[in-house]
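Dropping upload_0.tsv in here (TSV, C-alpha atoms and all ligand atoms):
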```tsv
chain	number	residue	atom	x	y	z
C	1	MET	CA	73.44	81.90	93.65
C	2	LYS	CA	70.37	84.07	93.85
C	3	LYS	CA	69.29	83.61	97.43
C	4	LYS	CA	68.45	86.49	99.67
C	5	LEU	CA	71.51	87.48	101.67
C	6	LYS	CA	71.96	89.34	104.91
C	7	ILE	CA	74.35	92.10	104.00
C	8	LEU	CA	76.19	94.57	106.14
C	9	MET	CA	77.17	97.64	104.14
C	10	LEU	CA	80.31	99.01	105.72
C	11	PHE	CA	81.46	102.47	104.70
C	12	TYR	CA	83.39	105.49	105.87
C	13	SER	CA	81.40	108.11	107.66
C	14	PRO	CA	83.03	111.45	108.50
C	15	TYR	CA	81.20	111.41	111.81
C	16	GLN	CA	80.59	108.48	114.10
C	17	LYS	CA	76.86	107.70	114.07
C	18	PRO	CA	75.18	105.13	116.30
C	19	ARG	CA	74.40	101.67	114.95
C	20	GLY	CA	71.03	101.58	113.23
C	21	TYR	CA	71.35	105.17	111.95
C	22	ASP	CA	69.58	105.30	108.57
C	23	TYR	CA	71.82	107.80	106.65
C	24	LYS	CA	68.73	108.98	104.73
C	25	GLU	CA	69.80	112.60	104.84
C	26	GLU	CA	73.43	111.90	103.86
C	27	PHE	CA	72.49	109.54	101.02
C	28	SER	CA	70.06	112.04	99.53
C	29	ASP	CA	72.87	114.56	98.96
C	30	PRO	CA	73.89	114.04	95.29
C	31	ASP	CA	77.39	115.41	95.91
C	32	ASN	CA	78.14	113.34	98.95
C	33	MET	CA	77.46	109.66	99.58
C	34	TYR	CA	76.05	108.81	96.18
C	35	THR	CA	78.06	105.58	95.87
C	36	GLU	CA	76.66	104.22	99.11
C	37	LYS	CA	73.18	105.22	97.97
C	38	ASP	CA	73.59	103.48	94.60
C	39	VAL	CA	74.82	100.29	96.23
C	40	LEU	CA	72.15	100.31	98.94
C	41	LEU	CA	69.26	100.77	96.50
C	42	THR	CA	70.65	98.09	94.21
C	43	LEU	CA	71.19	95.57	97.00
C	44	LYS	CA	67.61	96.13	98.10
C	45	ASP	CA	66.42	95.88	94.53
C	46	LEU	CA	68.20	92.53	94.31
C	47	GLY	CA	66.08	91.41	97.23
C	48	HIS	CA	68.79	91.33	99.90
C	49	GLU	CA	68.39	92.40	103.50
C	50	VAL	CA	70.77	95.29	104.16
C	51	SER	CA	71.98	96.97	107.33
C	52	LEU	CA	74.18	100.04	107.26
C	53	LEU	CA	77.24	100.80	109.30
C	54	GLY	CA	79.28	103.96	108.90
C	55	ILE	CA	82.63	103.97	110.67
C	56	TYR	CA	84.87	106.91	111.40
C	57	ASN	CA	87.48	106.02	114.00
C	58	ASP	CA	85.84	103.55	116.33
C	59	ILE	CA	85.78	99.90	115.33
C	60	SER	CA	83.67	98.57	118.20
C	61	PRO	CA	80.28	99.01	116.43
C	62	LEU	CA	81.55	96.60	113.77
C	63	PHE	CA	82.21	93.90	116.34
C	64	GLU	CA	78.80	94.46	117.91
C	65	GLU	CA	77.07	94.35	114.55
C	66	ILE	CA	78.78	91.11	113.56
C	67	LYS	CA	78.03	89.46	116.88
C	68	GLU	CA	74.39	90.46	116.99
C	69	ASN	CA	73.40	90.33	113.33
C	70	LYS	CA	75.82	87.81	111.78
C	71	PRO	CA	75.87	89.09	108.19
C	72	ASP	CA	76.32	86.59	105.33
C	73	VAL	CA	78.59	89.05	103.63
C	74	ILE	CA	80.02	92.51	104.23
C	75	PHE	CA	79.89	94.96	101.36
C	76	ASN	CA	83.15	96.69	102.11
C	77	MET	CA	83.24	100.33	101.08
C	78	MET	CA	85.71	101.49	103.74
C	79	GLU	CA	88.36	103.55	101.99
C	80	VAL	CA	89.62	105.47	104.97
C	81	PHE	CA	89.79	104.91	108.71
C	82	ASN	CA	90.31	107.83	111.06
C	83	ASP	CA	91.10	110.03	108.02
C	84	GLN	CA	93.98	107.75	106.97
C	85	THR	CA	93.81	106.04	103.57
C	86	HIS	CA	96.58	103.56	104.34
C	87	LEU	CA	94.40	101.98	107.04
C	88	GLU	CA	92.01	100.72	104.36
C	89	LYS	CA	94.09	97.53	104.21
C	90	ASN	CA	93.94	97.08	107.99
C	91	LEU	CA	90.16	97.06	107.89
C	92	ALA	CA	90.22	94.33	105.24
C	93	ALA	CA	92.77	92.40	107.31
C	94	LEU	CA	90.40	92.57	110.26
C	95	LEU	CA	87.57	91.12	108.17
C	96	GLU	CA	89.92	88.34	107.05
C	97	VAL	CA	90.70	87.50	110.66
C	98	LEU	CA	86.99	87.46	111.46
C	99	ASP	CA	86.49	85.05	108.52
C	100	ILE	CA	83.42	86.83	107.15
C	101	PRO	CA	83.02	87.06	103.37
C	102	PHE	CA	83.62	90.63	102.27
C	103	THR	CA	83.57	92.29	98.89
C	104	GLY	CA	86.55	93.77	97.10
C	105	ALA	CA	90.27	93.40	97.54
C	106	SER	CA	92.14	91.46	100.20
C	107	SER	CA	94.35	93.33	102.65
C	108	GLY	CA	97.43	92.22	100.69
C	109	VAL	CA	96.15	93.58	97.39
C	110	LEU	CA	95.13	96.84	99.05
C	111	TYR	CA	98.62	97.15	100.48
C	112	LEU	CA	100.32	96.58	97.12
C	113	CYS	CA	98.01	98.91	95.24
C	114	ASN	CA	98.20	101.73	97.75
C	115	ASN	CA	101.96	102.11	97.47
C	116	LYS	CA	102.87	103.47	94.03
C	117	ALA	CA	106.47	102.25	94.27
C	118	LEU	CA	105.76	98.79	95.64
C	119	HIS	CA	103.53	97.58	92.82
C	120	LYS	CA	105.91	99.09	90.27
C	121	LYS	CA	108.78	97.05	91.73
C	122	ILE	CA	106.68	93.91	91.32
C	123	PHE	CA	105.60	94.83	87.79
C	124	ASN	CA	109.24	95.52	86.87
C	125	TYR	CA	110.18	92.05	88.08
C	126	HIS	CA	107.53	90.57	85.78
C	127	ARG	CA	108.53	92.85	82.90
C	128	ILE	CA	105.22	94.68	82.85
C	129	LYS	CA	105.93	98.22	81.68
C	130	VAL	CA	105.76	101.01	84.24
C	131	PRO	CA	107.34	104.47	84.13
C	132	GLN	CA	110.86	104.80	85.50
C	133	PHE	CA	110.45	105.89	89.11
C	134	HIS	CA	112.17	106.64	92.37
C	135	ASP	CA	110.57	106.95	95.79
C	136	PHE	CA	111.63	109.56	98.32
C	137	ALA	CA	110.84	108.85	101.95
C	138	ARG	CA	110.63	111.92	104.13
C	139	GLY	CA	114.04	112.75	105.54
C	140	SER	CA	115.93	111.14	102.66
C	141	ARG	CA	118.16	113.06	100.24
C	142	VAL	CA	116.21	114.63	97.40
C	143	TYR	CA	117.90	114.62	93.98
C	144	VAL	CA	117.13	113.79	90.37
C	145	PRO	CA	118.20	110.16	89.77
C	146	ALA	CA	120.08	109.64	86.50
C	147	LYS	CA	117.58	106.99	85.34
C	148	ILE	CA	114.71	109.50	85.32
C	149	HIS	CA	114.51	111.70	82.27
C	150	LEU	CA	112.55	114.91	82.68
C	151	PRO	CA	109.74	115.80	82.54
C	152	ALA	CA	108.69	113.85	85.59
C	153	VAL	CA	105.51	113.62	87.62
C	154	ILE	CA	105.89	114.03	91.37
C	155	LYS	CA	103.16	112.48	93.49
C	156	PRO	CA	102.44	111.42	97.04
C	157	LEU	CA	103.59	107.80	97.39
C	158	CYS	CA	100.45	106.44	99.03
C	159	GLU	CA	97.53	108.64	98.09
C	160	GLU	CA	94.47	108.29	95.91
C	161	ALA	CA	91.92	110.28	93.92
C	162	SER	CA	94.67	112.58	92.59
C	163	ARG	CA	95.05	114.30	95.94
C	164	GLY	CA	98.25	116.31	95.66
C	165	ILE	CA	98.31	116.10	91.85
C	166	SER	CA	98.02	119.28	89.80
C	167	GLN	CA	99.67	120.65	86.66
C	168	ALA	CA	102.48	121.76	89.02
C	169	SER	CA	103.21	118.07	89.66
C	170	ILE	CA	104.79	117.86	86.22
C	171	VAL	CA	108.31	119.21	86.42
C	172	ASP	CA	110.84	119.73	83.67
C	173	THR	CA	113.80	121.15	85.60
C	174	ALA	CA	115.88	119.74	88.43
C	175	ASP	CA	114.96	122.67	90.69
C	176	ALA	CA	111.22	122.20	90.14
C	177	PHE	CA	111.66	118.44	90.70
C	178	ILE	CA	113.35	118.93	94.06
C	179	GLU	CA	110.95	121.67	95.10
C	180	ARG	CA	107.88	119.52	94.36
C	181	VAL	CA	109.22	116.50	96.25
C	182	LYS	CA	109.87	118.78	99.22
C	183	PHE	CA	106.38	120.24	98.87
C	184	ILE	CA	104.90	116.77	99.29
C	185	HIS	CA	107.17	116.01	102.23
C	186	GLN	CA	106.60	119.29	104.00
C	187	ASN	CA	103.16	120.54	103.00
C	188	MET	CA	101.37	117.21	102.68
C	189	GLY	CA	103.42	115.39	105.32
C	190	MET	CA	103.82	112.37	103.03
C	191	ASP	CA	106.49	110.35	101.27
C	192	ALA	CA	106.80	111.04	97.55
C	193	ILE	CA	107.40	109.25	94.28
C	194	ALA	CA	108.87	110.72	91.10
C	195	GLU	CA	107.96	109.05	87.82
C	196	GLU	CA	109.07	109.73	84.30
C	197	TYR	CA	106.20	111.45	82.51
C	198	VAL	CA	104.58	109.12	79.97
C	199	ASP	CA	103.10	111.15	77.17
C	200	GLY	CA	100.01	109.48	75.77
C	201	ARG	CA	96.34	108.73	76.03
C	202	GLU	CA	94.84	108.13	79.45
C	203	LEU	CA	92.99	104.81	79.57
C	204	TYR	CA	91.13	103.01	82.33
C	205	VAL	CA	90.62	99.26	82.32
C	206	THR	CA	88.57	97.34	84.86
C	207	VAL	CA	89.34	93.69	85.56
C	208	MET	CA	87.11	91.44	87.62
C	209	GLY	CA	86.81	87.93	89.05
C	210	TYR	CA	89.02	84.94	89.55
C	211	LYS	CA	89.03	81.93	87.30
C	212	PRO	CA	87.59	83.25	85.08
C	213	VAL	CA	89.05	86.74	85.01
C	214	ILE	CA	87.02	89.21	82.97
C	215	VAL	CA	88.43	92.38	81.41
C	216	PHE	CA	85.96	95.11	80.54
C	217	PRO	CA	86.54	97.33	77.49
C	218	PRO	CA	88.78	100.35	78.08
C	219	ARG	CA	87.54	103.84	78.65
C	220	GLU	CA	89.47	107.03	78.15
C	221	MET	CA	89.73	110.41	79.79
C	222	VAL	CA	89.63	112.97	76.99
C	223	PHE	CA	90.64	116.62	77.18
C	224	LYS	CA	88.85	118.14	74.19
C	225	ASN	CA	89.58	121.82	74.78
C	226	MET	CA	92.96	121.60	76.47
C	227	PRO	CA	95.81	123.28	74.56
C	228	GLN	CA	98.12	120.74	72.93
C	229	GLU	CA	101.17	122.00	74.83
C	230	GLN	CA	99.55	121.36	78.21
C	231	PRO	CA	100.09	117.86	79.64
C	232	ARG	CA	96.81	115.94	79.65
C	233	ILE	CA	96.73	114.32	83.04
C	234	ALA	CA	94.03	113.45	85.53
C	235	THR	CA	94.76	116.10	88.16
C	236	TYR	CA	92.55	116.56	91.20
C	237	LYS	CA	90.66	119.30	89.37
C	238	ALA	CA	90.31	117.22	86.21
C	239	LYS	CA	88.62	114.53	88.28
C	240	TRP	CA	86.49	116.48	90.71
C	241	ASP	CA	85.94	120.11	89.66
C	242	ASP	CA	82.90	120.26	87.36
C	243	ASN	CA	83.61	123.81	86.16
C	244	TYR	CA	87.21	122.93	85.30
C	245	ARG	CA	86.07	119.77	83.49
C	246	LYS	CA	83.56	121.77	81.46
C	247	ARG	CA	86.08	124.48	80.58
C	248	TRP	CA	88.66	122.01	79.22
C	249	GLY	CA	86.18	119.51	77.80
C	250	ILE	CA	87.33	116.77	80.17
C	251	ASP	CA	85.22	113.64	80.02
C	252	SER	CA	85.45	109.86	80.34
C	253	VAL	CA	84.28	108.02	77.26
C	254	PRO	CA	84.39	104.54	75.72
C	255	VAL	CA	87.38	103.96	73.44
C	256	LYS	CA	86.35	102.99	69.94
C	257	ASP	CA	89.31	103.68	67.70
C	258	LEU	CA	91.98	101.23	68.87
C	259	ASP	CA	93.40	98.58	66.55
C	260	GLN	CA	92.50	95.06	67.57
C	261	SER	CA	96.18	94.26	68.20
C	262	VAL	CA	96.56	97.23	70.58
C	263	LEU	CA	93.35	96.29	72.34
C	264	GLU	CA	94.46	92.70	72.76
C	265	ASN	CA	97.81	93.83	74.10
C	266	ILE	CA	96.02	96.01	76.67
C	267	TYR	CA	93.85	93.09	77.76
C	268	TYR	CA	96.87	90.80	77.95
C	269	ILE	CA	98.85	93.26	80.09
C	270	CYS	CA	95.95	93.95	82.44
C	271	ARG	CA	95.22	90.27	82.93
C	272	ARG	CA	98.86	89.56	83.72
C	273	ALA	CA	99.17	92.50	86.06
C	274	TYR	CA	95.97	91.45	87.85
C	275	ARG	CA	97.32	87.93	88.30
C	276	VAL	CA	100.74	89.14	89.43
C	277	LEU	CA	99.07	91.14	92.21
C	278	ASP	CA	97.02	88.04	93.10
C	279	ALA	CA	93.87	90.10	92.74
C	280	ARG	CA	90.67	88.07	92.87
C	281	SER	CA	87.84	90.57	93.17
C	282	TYR	CA	88.02	93.69	91.02
C	283	LEU	CA	90.63	96.30	90.08
C	284	ARG	CA	90.87	99.26	87.77
C	285	PHE	CA	94.13	99.97	86.01
C	286	ASP	CA	95.15	103.50	85.08
C	287	LEU	CA	97.17	103.22	81.88
C	288	ARG	CA	98.96	105.47	79.43
C	289	LEU	CA	99.07	104.47	75.79
C	290	THR	CA	101.87	106.15	73.84
C	291	GLN	CA	101.76	107.13	70.18
C	292	GLU	CA	104.00	104.16	69.46
C	293	GLY	CA	101.36	101.86	70.95
C	294	GLU	CA	103.30	101.11	74.15
C	295	VAL	CA	101.18	100.48	77.22
C	296	TYR	CA	102.37	101.63	80.66
C	297	ILE	CA	100.61	100.88	83.90
C	298	ILE	CA	100.45	104.04	85.95
C	299	GLU	CA	98.72	102.31	88.85
C	300	PRO	CA	96.30	99.58	89.83
C	301	ASN	CA	93.32	100.78	91.89
C	302	ALA	CA	91.99	98.24	94.36
C	303	ASN	CA	88.32	98.75	95.23
C	304	PRO	CA	87.83	101.51	92.66
C	305	CYS	CA	84.74	103.71	92.91
C	306	ILE	CA	81.67	101.65	92.24
C	307	ALA	CA	78.89	104.22	91.81
C	308	ARG	CA	76.69	103.99	88.73
C	309	ILE	CA	78.44	106.92	87.09
C	310	ASP	CA	81.98	105.68	87.82
C	311	GLU	CA	84.45	104.05	85.45
C	312	MET	CA	83.91	100.49	86.61
C	313	ALA	CA	80.13	100.46	86.19
C	314	GLN	CA	80.39	102.30	82.87
C	315	ALA	CA	82.97	99.81	81.62
C	316	ALA	CA	80.83	96.86	82.73
C	317	HIS	CA	77.91	98.39	80.89
C	318	LEU	CA	79.98	98.32	77.68
C	319	SER	CA	80.16	94.54	78.11
C	320	GLY	CA	76.41	94.27	78.64
C	321	VAL	CA	76.71	93.87	82.42
C	322	ASP	CA	74.19	96.23	83.97
C	323	TYR	CA	74.64	97.80	87.39
C	324	LYS	CA	72.39	95.35	89.18
C	325	GLU	CA	74.29	92.40	87.79
C	326	LEU	CA	77.62	94.03	88.58
C	327	VAL	CA	76.71	94.50	92.24
C	328	GLN	CA	75.44	90.93	92.46
C	329	ARG	CA	78.66	89.63	90.89
C	330	VAL	CA	80.74	91.58	93.40
C	331	LEU	CA	78.76	89.97	96.21
C	332	GLU	CA	78.96	86.46	94.81
C	333	GLN	CA	82.69	86.77	94.29
C	334	ALA	CA	83.11	87.58	97.99
C	335	ILE	CA	81.24	84.45	98.99
C	336	ILE	CA	83.03	82.20	96.51
C	337	LEU	CA	86.46	83.40	97.66
C	338	ASN	CA	85.58	82.86	101.28
C	339	GLN	CA	84.27	79.36	100.54
C	340	GLN	CA	87.43	78.50	98.63
C	341	ALA	CA	89.58	79.71	101.51
C	342	ARG	CA	87.58	77.54	103.95
C	343	LEU	CA	87.88	74.49	101.71
C	344	LYS	CA	91.63	74.98	101.47
C	345	LYS	CA	91.87	75.20	105.24
C	346	LYS	CA	89.78	72.05	105.63
C	347	ALA	CA	91.89	70.16	103.11
C	348	LYS	CA	95.01	71.03	105.09
C	349	SER	CA	93.68	69.92	108.46
O	1	LIG	N1	104.17	108.71	85.15
O	1	LIG	C1	103.11	109.35	84.68
O	1	LIG	N2	103.05	109.75	83.37
O	1	LIG	C2	101.98	110.41	82.88
O	1	LIG	N3	100.93	110.78	83.63
O	1	LIG	C3	100.93	110.40	84.93
O	1	LIG	C4	102.00	109.69	85.51
O	1	LIG	N4	101.71	109.49	86.81
O	1	LIG	C5	100.52	110.05	87.02
O	1	LIG	N5	100.04	110.62	85.90
O	1	LIG	C6	98.77	111.32	85.75
O	1	LIG	O1	98.27	111.66	87.01
O	1	LIG	C7	97.04	110.93	87.30
O	1	LIG	C8	96.99	110.53	88.75
O	1	LIG	O2	98.09	109.69	89.05
O	1	LIG	P1	97.89	108.34	89.82
O	1	LIG	O3	99.22	107.72	90.03
O	1	LIG	O4	96.87	107.51	89.13
O	1	LIG	O5	97.37	108.85	91.23
O	1	LIG	P2	95.98	108.68	92.01
O	1	LIG	O6	96.15	107.46	92.85
O	1	LIG	O7	95.85	109.90	92.85
O	1	LIG	O8	94.90	108.50	90.98
O	1	LIG	C9	97.06	109.77	86.31
O	1	LIG	O9	95.77	109.30	86.06
O	1	LIG	C10	97.73	110.40	85.11
O	1	LIG	O10	96.84	111.21	84.38
O	2	MG	MG	94.90	106.99	89.54
```
How does this structure look as structure tokens?
Amino acid sequence: MKKKLKILMLFYSPYQKPRGYDYKEEFSDPDNMYTEKDVLLTLKDLGHEVSLLGIYNDISPLFEEIKENKPDVIFNMMEVFNDQTHLEKNLAALLEVLDIPFTGASSGVLYLCNNKALHKKIFNYHRIKVPQFHDFARGSRVYVPAKIHLPAVIKPLCEEASRGISQASIVDTADAFIERVKFIHQNMGMDAIAEEYVDGRELYVTVMGYKPVIVFPPREMVFKNMPQEQPRIATYKAKWDDNYRKRWGIDSVPVKDLDQSVLENIYYICRRAYRVLDARSYLRFDLRLTQEGEVYIIEPNANPCIARIDEMAQAAHLSGVDYKELVQRVLEQAIILNQQARLKKKAKS
């Protein structure tokens, strides 16, 4: 499938711009919309015809664009709508209703991945290891459940990119536990989840496709200069603050020292977890690997960052899949899934 496609690149824009706006200025800022820029240049390089549409809180330009330009496929990079991450799934659901092929996760997968308790309940059912956890809706009683042994990590229930996660999120007393849950309720205005802290290495594994499913080699977040006694977790600063990353020697690197049996176990778990979620496009799992070789899924990330420098592209590169090929595969997968869905519908009628 190498034909030239008409692609609509759909992404979040912090300000509503008119249709046809070229985003040249925004895309040239290396700290800002670099993912969109990477994808745009690559799609063009692949020979496709691309139009851009940034959306903030008004959906009508999307309808107009679809009606007037009829894209073959939508490259869906919408992670937020109207500043709300949980509406990411609603955007995908809208594209499903419109029956246009779109890249990335379905609305259902986005829903399951976004809620850190929901996917853990499903993984528990399938005996895929996750940390012990308890979710605290706002307004509910806050206490330390007997099943959770401290230290624990307290996080917003439905957030991403480590927003709300700092070293203070790790609590080792009941008072600190309760205080942090209340902090998330009151200061962030969100529901919270408490998870038992899993001590271990922080691994990232990207899984892609559907029959066949491909697992890319793991990568690891390392903390070279961080004192041993400090928990090594991917806080907001560890992910996004360059000075902090430099100071503590935080970096993401390929993993080269794992025994074959551990590696195979990781691949096996990630494949199963991917299937259990009914994922069919691409996902990145955040894992912790304990000293005893146990693998815990911390969370699945639907539509993980797809810039050249991000985990997914770096992991693909380890398998010999370059960025251009990766982007093309993402596109093709969208079309194949849409065709399969149409065939199924036809077979039924
Ligand atoms: N139960 C846990 N045990 C150990 N570390 C954790 C746990 N939960 C979260 N972390 C650390 O916090 C980071 C962010 O948590 P995560 O649930 O992935 O949230 P986000 O969606 O914001 O990335 C993880 O990558 C990991 O380093
Ligand atoms: Mg994460």
Pick out the residues sitting within 12 Å of Val205 in chain C, and hand them over as number ranges by chain; count all atoms listed in the file, and ignore anything fewer than 4 positions along from it in its own chain. C: 214-221, 252-255, 263, 266-271, 273-274, 282-289, 295, 297-301, 304, 311-316, 318
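Across C:Asn90, C:Thr103, C:Gln84, C:Thr235, the tightest approach to Met9 in chain C is made by C:Thr103 when counting only C-alpha atoms.
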Between C:Thr290, C:Thr35, C:Thr85, C:Asn124, which residue has the minimum interatomic distance to Cys158 in chain C, considering only C-alpha atoms?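 Looking at the shortest contact to Cys158 in chain C, the residue is C:Thr85.
The space separating CA of Tyr323 in chain C from CA of Leu87 in chain C comes to 28.2 Å.
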Each residue of chain C with at least one atom at most 6 Å from ligand LIG 1 (chain O) should appear once, together with its nearest atom pair and the corresponding distance in Å (one decimal); atoms considered: only C-alpha atoms and all ligand atoms; ordering: chain, then increasing residue number; output as CSV.
```
residue,atom,partner,partner_atom,distance
C:Pro131,CA,O:LIG1,N1,5.4
C:Val153,CA,O:LIG1,N1,5.7
C:Glu159,CA,O:LIG1,O6,5.5
C:Glu160,CA,O:LIG1,O6,3.6
C:Ala161,CA,O:LIG1,O7,4.1
C:Ser162,CA,O:LIG1,O7,2.9
C:Arg163,CA,O:LIG1,O7,5.4
C:Glu195,CA,O:LIG1,N1,4.6
C:Glu196,CA,O:LIG1,N1,5.1
C:Tyr197,CA,O:LIG1,N2,3.7
C:Val198,CA,O:LIG1,N2,3.8
C:Asp199,CA,O:LIG1,C2,5.9
C:Ile233,CA,O:LIG1,O10,3.4
C:Ala234,CA,O:LIG1,O10,3.8
C:Thr235,CA,O:LIG1,C7,5.7
C:Asp286,CA,O:LIG1,O9,5.9
C:Ile298,CA,O:LIG1,O3,5.6
C:Glu299,CA,O:LIG1,O4,5.5
```
Selected residues written out with C-alpha atoms, as an mmCIF file, in the coordinates of the input:
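Okay, this is what ended up in out-v6.cif:
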```
data_model
loop_
_atom_site.group_PDB
_atom_site.id
_atom_site.type_symbol
_atom_site.label_atom_id
_atom_site.label_comp_id
_atom_site.auth_asym_id
_atom_site.auth_seq_id
_atom_site.Cartn_x
_atom_site.Cartn_y
_atom_site.Cartn_z
ATOM 1 C CA PRO C 131 107.340 104.470 84.130
ATOM 2 C CA VAL C 153 105.510 113.620 87.620
ATOM 3 C CA GLU C 159 97.530 108.640 98.090
ATOM 4 C CA GLU C 160 94.470 108.290 95.910
ATOM 5 C CA ALA C 161 91.920 110.280 93.920
ATOM 6 C CA SER C 162 94.670 112.580 92.590
ATOM 7 C CA ARG C 163 95.050 114.300 95.940
ATOM 8 C CA GLU C 195 107.960 109.050 87.820
ATOM 9 C CA GLU C 196 109.070 109.730 84.300
ATOM 10 C CA TYR C 197 106.200 111.450 82.510
ATOM 11 C CA VAL C 198 104.580 109.120 79.970
ATOM 12 C CA ASP C 199 103.100 111.150 77.170
ATOM 13 C CA ILE C 233 96.730 114.320 83.040
ATOM 14 C CA ALA C 234 94.030 113.450 85.530
ATOM 15 C CA THR C 235 94.760 116.100 88.160
ATOM 16 C CA ASP C 286 95.150 103.500 85.080
ATOM 17 C CA ILE C 298 100.450 104.040 85.950
ATOM 18 C CA GLU C 299 98.720 102.310 88.850
#
```
Nearest to Gly164 in chain C: which of C:Lys237, C:Lys121, C:His86, C:His134 is it, counting only C-alpha atoms?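 Ranking C:Lys237, C:Lys121, C:His86, C:His134 by distance to Gly164 in chain C, first place goes to C:Lys237.
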Can you tell me, as a PyMOL selection string, what residues are no more than 12 Å from Tyr210 in chain C when counting all atoms listed in the file, ignoring any on the same chain fewer than 3 positions away? chain C and resi 104-105+207+213-215+271+274-275+278-283+329-330+332-334+336-337+340
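Among the candidates C:Glu202, C:Glu65, C:Asp259, C:Glu229, the one nearest to ligand MG 2 (chain O) when counting all atoms listed in the file is C:Glu202.
With all atoms listed in the file as the basis for measurement, C:Ala146 is the residue among C:Leu95, C:Leu110, C:Ala146, C:Gly189 that approaches Gln132 in chain C most closely.
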